[in-house]
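One structure below.
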Amino acid sequence: MARPGDRPAITAEGTASQLPDIDPEETREWLDSLDGLLKDQGEHRARFIMLKLLDHARENRIGLPALRSSDYINTIPPEKEPWFPGDEHVERRIRAYIRWNAAIMVSKANRKGLEVGGHIATYQSAASLYEVGFNHFFRGKDHPGGGDQVYFQGHASPGIYARAYLEGRLNDSQLDAFRQEVSQGPHKGLSSYPHPRLMPEFWEFPTVSMGLTGINSIYQARFNRYMQNRGIKDTSDQRVWAFLGDGEMAEPESLGAINFAAQQGLDNLTWVINCNLQQLDGPVRGNGKIIQELESIFLGAGWNVIKVLWGGGWDKLLAKDADGALVNKMNTTPDGQFQTYSIETGDYIRKHFFDDPRLAKMVADMSDEDLVKLPRGGHDYRKVFAAFKRATEHVGQPTVILAQTIKGWTIEALEGRNATHQMKKLTSKDLKSFRDRLYLDIPDSNLEDPYNPPYFHPGAEDDEIQYMQERRRALGGYLPSRKPKPTTIALPGDKAYKPLLEPAGEHKVATTQAFVRLLRDLMRDKEIGKRIVPIAPDEFRTFGMDSMFPTAKIYSPHGQNYESVDRKLLLSWKESPSGQLLHEGITEAGAMGSTTAAGTAYATHGEPMIPFYIFYSMFGFQRTGDSIWAMADQLGRGFLIGATAGRTTLTGEGLQHADGHSPLLASSNTAVVHYDPAFAYEVAHIVKDGLRRMYDYGSEEHPGGENVIYYLTVYNEPVAQPGEPENLDVDGLLKGIHRVAVAPEGGDERPKAQIFASGVSMPDAMKAQKILADDHGVAADVWSVTSWNELRRDALEADQFNRAHGSEEPRVPFITKALEGAEGPVIAVSDYMRAVQDQIEPWVPNRFHSLGTDGFGFADTRAAARRFFNTDAPSIVVGTLQALAADGKFDAEQAAKAYDAYQLGDPTAVADVAQEGGDA
């Protein structure tokens, strides 16, 4: 009878492999050997041998499934650690100076009367991780290989500023102006977090919107390979480093694309996760083990995982651990308890961690102070160096380094405590204790005022400062640093845009189709064609772009190692390492990662790339608005194409596909220039202007290009395309409004009105103009509002100017000037909610009335949807008559009757109307 604790006998039956055993006798010998090992040397030794066998098998490329996690010890054993090439004493002194200045900067920023916040504890825990990188790995932009891209953790920014201070890049007054970017005067304050838009010569990547660092770093590393494989730039010697926190891994975006990094084989990517076991206000996994959890996740996703858990002080203890008692204790202690050990006494640690007789014997000759000082691996230079070196040498996979640290390390008031995120100030006592721990020569008298402690700088000629400067020179210059020096490119001439300026005749064309035609012609341009980066989340065919597959091809670093199912078709699926199309699969977040990497390549690589990210407009600003905001912060440039736009155009898709509000969301982003063109020729002029503003530089007139992002909403509904008018007001088109149709002749005594329309509402506006003239004797002009947002932006700028220059001639908003001499009320209509049109109402001198698609969308015919929302031609007619009646220019009773006559309250009245055309 089996007793509790007995192991079942190991047999050759029921093993993991279902293949037939071709040599049962040999199999039995292997199993007997394992039984003997268990009996003679115990479970710990048997486990060690089995793991060694698995490792050896993988080294010989035997296909075996990876283990989900390993013991809670360092991945790199002491005997395999490389020689540390630096002067560890000097580097520790540098670290001490930086840690002091980082803490002082934040504490001073929270003096009474200021209290602008900041974070002390995060950098203290990560200081060693950064310093090993700065002194030995991070290559600057002057490096022959082009330099690395380093994503610094947002909450650690004080430490990065403190290092720049020692390097002579920042001064005392700038540190004193931390988080005071306006009150201290232009360019004197330091931004709270890494914000390139606020500090465009210093920060390169915005990282404080937690979760975006991970996905953006992955797609940056992928885009580096894209540029390499397409022959645009040699990026083979560039590495992407991303520093993240263990709590940050809870953001879905943090882990959402890690399998993609492995699938792409991005061995140019290294993540360093600072595992201080704490979120902002508590443990990450108090009852669990976040490092083991992350190891399992990353191993399963195909990453190379390196754990740096214990400093060198633990090596001799682990060497004594013959029966695995210490490793077992490490494996079974939850994170919440390890957090407690970080602040407790040696006596407490001895009683609670080394509580087994075998463990107590290990530390019998160690004092309580020795136990307190047993280090976590993320604070040990040699352990961290070994991990970084192995990461840079690893081939075929991205690497994640899981480094265990203590939040607020060595600051007694903060160390390891749940409240460290909210603790911004240090008392005089705290300062003295921290100074002593760092062995800094600062007298007590300078620390009596906790609101004005001094920074520490030993002088530019000090040995430590000279050492850090020499290391940065050897590695290619300072980091972070942003030095945009883009290659000048020649933009296409008028010929590329001509097809969209011609009338389409009887053939109806959707603006999405027109845009794709233009994009295809731009990709053929000899100068910029190769620089265009078409990006779509699994929707190229939807947008009519499958015609590009055979020629431009879909980018894949692996090529195409299979025969495509549609290979016999003319427009068959083609993958290539030199492919131009970034087909991202079903991930708008990933597509935005690519868009950001491409749109900032002019600064990151000195190579201007032109992203055209095409997506269902509903899944742009609503789904990835935070990523677009980060792209704007990173001074990105390019085109966002909200295809299949509008609330009534996707006839069968329904509520979650019906975009009736993206222009409003876009208006919240100051860098975004939104257009809602109605005609193909408008698309041509807008794209041409976008290229000019963003990519025409190198001359005195345009020295650097504008850091804006163009957002175009285009439609899948085929409509008549009249071609460019002879006297087109291009300036008005680009500023947001131009008149496209004056009222039909019929006498000046008729009531006058002005119809404003954008996008797909234009055909109904034109029909309404005719009905008003023929049936009601109303003369209405029709205007194409290409951008409600830009008209409002211009008006706001005029208001601001007038407030600041009250004694000068007032500046008149463009929309106000455009309507000079235009009589009658304005009826503004779009396929968006009324708030989009209502943005310009304060600056319209005429009576203003808007029609829009407020509410949720639904699945039905376009005609039924527009009747439901009252934005179709009859609705515009009735809205115009009612506005005229309010002005006393039309009979109010007749206007009221028109509502019933056109059956505007009955969507079923048009439910059987056949829709012309189809999707683009």
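Letters A, B, ... go to the chains of the structure tokens in the order shown; residues in each chain start at 1; ligands are counted from 1 in the same order.
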Next on the checklist: Using DSSP secondary structure from the backbone, list all alpha helix (DSSP H) positions within region 301-511 of chain A, as a count of residues only.
Outcome noted: 80
Next on the checklist: For Asn669 (chain A), find every residue with an atom within 12 Å (counting only C-alpha atoms), except residues of its own chain fewer than 2 positions away, and show them as a PyMOL selection string.
Outcome noted: chain A and resi 621+625-633+662-667+671-674+708-711+789-790+793
Checklist entry - Restricting the calculation to only C-alpha atoms, which member of A:Phe353, A:Tyr226, A:Tyr451, A:Trp83 is positioned closest to Ser107 (chain A)? => result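 Smallest separation from Ser107 (chain A) among the options: A:Tyr451.
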Mind running region 27-139 of chain A against region 385-396 of chain A at 8 Å and telling me each contacting residue's nearest atom pair with the distance in Å (one decimal), counting only C-alpha atoms, chain and number ascending, as a tab-separated table?
residue	atom	partner	partner_atom	distance
A:Ile76	CA	A:Ala387	CA	7.4
A:Glu81	CA	A:Ala386	CA	5.6
A:Pro82	CA	A:Ala386	CA	5.9
A:Phe84	CA	A:Phe385	CA	7.1
A:Val132	CA	A:Phe385	CA	6.2
A:Gly133	CA	A:Phe388	CA	7.8
A:Phe137	CA	A:Phe388	CA	7.7
Output the selection as a PDB file, in the first residue's frame - C-alpha atoms for each residue.
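Written out: selection_8.pdb:
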ATOM      1  CA  ILE A  76      23.385  33.100 -14.715  1.00  0.00           C
ATOM      2  CA  GLU A  81      29.492  35.504 -14.980  1.00  0.00           C
ATOM      3  CA  PRO A  82      31.789  37.451 -17.314  1.00  0.00           C
ATOM      4  CA  PHE A  84      33.354  43.088 -15.114  1.00  0.00           C
ATOM      5  CA  VAL A 132      25.431  49.655 -15.871  1.00  0.00           C
ATOM      6  CA  GLY A 133      23.694  50.566 -19.110  1.00  0.00           C
ATOM      7  CA  PHE A 137      25.986  49.334 -23.057  1.00  0.00           C
TER       8      PHE A 137
END
Next on the checklist: Calculated over only C-alpha atoms, which of the candidates A:His136, A:Gly705, A:Gly288, A:His56 has the smallest distance to Gly86 (chain A)?
Outcome noted: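 Of A:His136, A:Gly705, A:Gly288, A:His56, the one nearest Gly86 (chain A) is A:His136, counting only C-alpha atoms.
Relative to CA of Gly313 (chain A), CA of Leu374 (chain A) is found at 5.6 Å.
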Next on the checklist: If we count only C-alpha atoms and set the cut-off at 8 Å, which residues sit around Ile258 (chain A), ignoring sequence neighbours fewer than 5 positions away in its own chain? Please answer as JSON, numbers by chain.
Outcome noted: {"A": [215, 218, 298, 301]}
Would you write out those residues with N, CA and C atoms, as a short mmCIF file (atom, residue, chain, number, x, y, z; two decimals), in the first residue's frame?
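Result written to again.cif:
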data_model
loop_
_atom_site.label_atom_id
_atom_site.label_comp_id
_atom_site.auth_asym_id
_atom_site.auth_seq_id
_atom_site.Cartn_x
_atom_site.Cartn_y
_atom_site.Cartn_z
N ILE A 215 4.83 48.13 -26.01
CA ILE A 215 4.41 47.89 -27.39
C ILE A 215 5.15 48.80 -28.36
N ILE A 218 8.66 47.43 -29.02
CA ILE A 218 8.63 46.26 -29.90
C ILE A 218 8.53 46.69 -31.35
N PHE A 298 6.70 35.17 -20.45
CA PHE A 298 7.68 35.47 -21.50
C PHE A 298 8.25 34.20 -22.11
N ALA A 301 5.81 32.96 -24.52
CA ALA A 301 5.72 33.79 -25.72
C ALA A 301 6.95 33.64 -26.61
#
Next on the checklist: What's around Gly159 (chain A) at 8 Å? Count only C-alpha atoms, leave out sequence neighbours fewer than 5 positions away in its own chain, and write the answer as a list in words.
Outcome noted: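 Once the nearby chain positions are removed, what remains is Ile98, Arg99, Asn101, Ala102, Tyr123, Gln124 and Ala127 of chain A.
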Next on the checklist: Neighbouring residues of Tyr832 (chain A) were defined as those with any atom within 7 Å, considering only C-alpha atoms; residues of the same chain fewer than 5 positions away were excluded. Please report them as a PyMOL selection string.
Outcome noted: chain A and resi 646-647+660-661+852-853
Item to check | Selection near region 445-449 of chain A, 8 Å with only C-alpha atoms, sequence-local residues under 4 positions removed, as a ChimeraX atom specification | outcome: /A:428,431-432,453-454
Go ahead and save the residues from that selection, with C-alpha atoms, as a tab-separated table (two decimals), in the first residue's frame.
chain	number	residue	atom	x	y	z
A	428	SER	CA	16.23	66.94	7.73
A	431	LEU	CA	18.46	63.73	4.44
A	432	LYS	CA	21.21	63.14	6.99
A	453	PRO	CA	19.22	71.03	0.63
A	454	PRO	CA	22.20	71.29	-1.75
Item to check | Contacts of region 866-879 of chain A at 6 Å (only C-alpha atoms; same-chain gap of 2+ positions) as a PyMOL selection string | outcome: chain A and resi 764+767-768+851+853+863-864+881-882+907
Any chance you can output those residues with C-alpha atoms as an mmCIF file, in the first residue's frame?
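What ended up in out-v1.cif:
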data_model
loop_
_atom_site.group_PDB
_atom_site.id
_atom_site.type_symbol
_atom_site.label_atom_id
_atom_site.label_comp_id
_atom_site.auth_asym_id
_atom_site.auth_seq_id
_atom_site.Cartn_x
_atom_site.Cartn_y
_atom_site.Cartn_z
ATOM 1 C CA ASP A 764 -27.423 65.293 -49.895
ATOM 2 C CA LYS A 767 -29.756 67.573 -53.692
ATOM 3 C CA ALA A 768 -31.188 69.824 -50.997
ATOM 4 C CA LEU A 851 -27.842 68.654 -38.351
ATOM 5 C CA THR A 853 -25.962 61.961 -36.267
ATOM 6 C CA ALA A 863 -31.024 56.127 -46.746
ATOM 7 C CA ALA A 864 -32.847 54.784 -43.692
ATOM 8 C CA LEU A 881 -36.933 76.356 -44.183
ATOM 9 C CA GLN A 882 -37.252 76.354 -40.398
ATOM 10 C CA PRO A 907 -37.425 56.082 -41.262
#
Checklist outcome for this item: From the list A:Met227, A:Ala96, A:Val778, A:Leu500, the nearest residue to Tyr555 (chain A) using only C-alpha atoms is A:Met227
Next on the checklist: Could you check the closest approach to Pro252 (chain A) for each of A:Gly117, A:Gly168, A:Pro744, A:Gly211 and tell me which residue wins, using only C-alpha atoms?
Outcome noted: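 Looking at the shortest contact to Pro252 (chain A), the residue is A:Gly211.
Across the structure, CA of Ala886 (chain A) and CA of Val812 (chain A) are spaced 26.8 Å apart.
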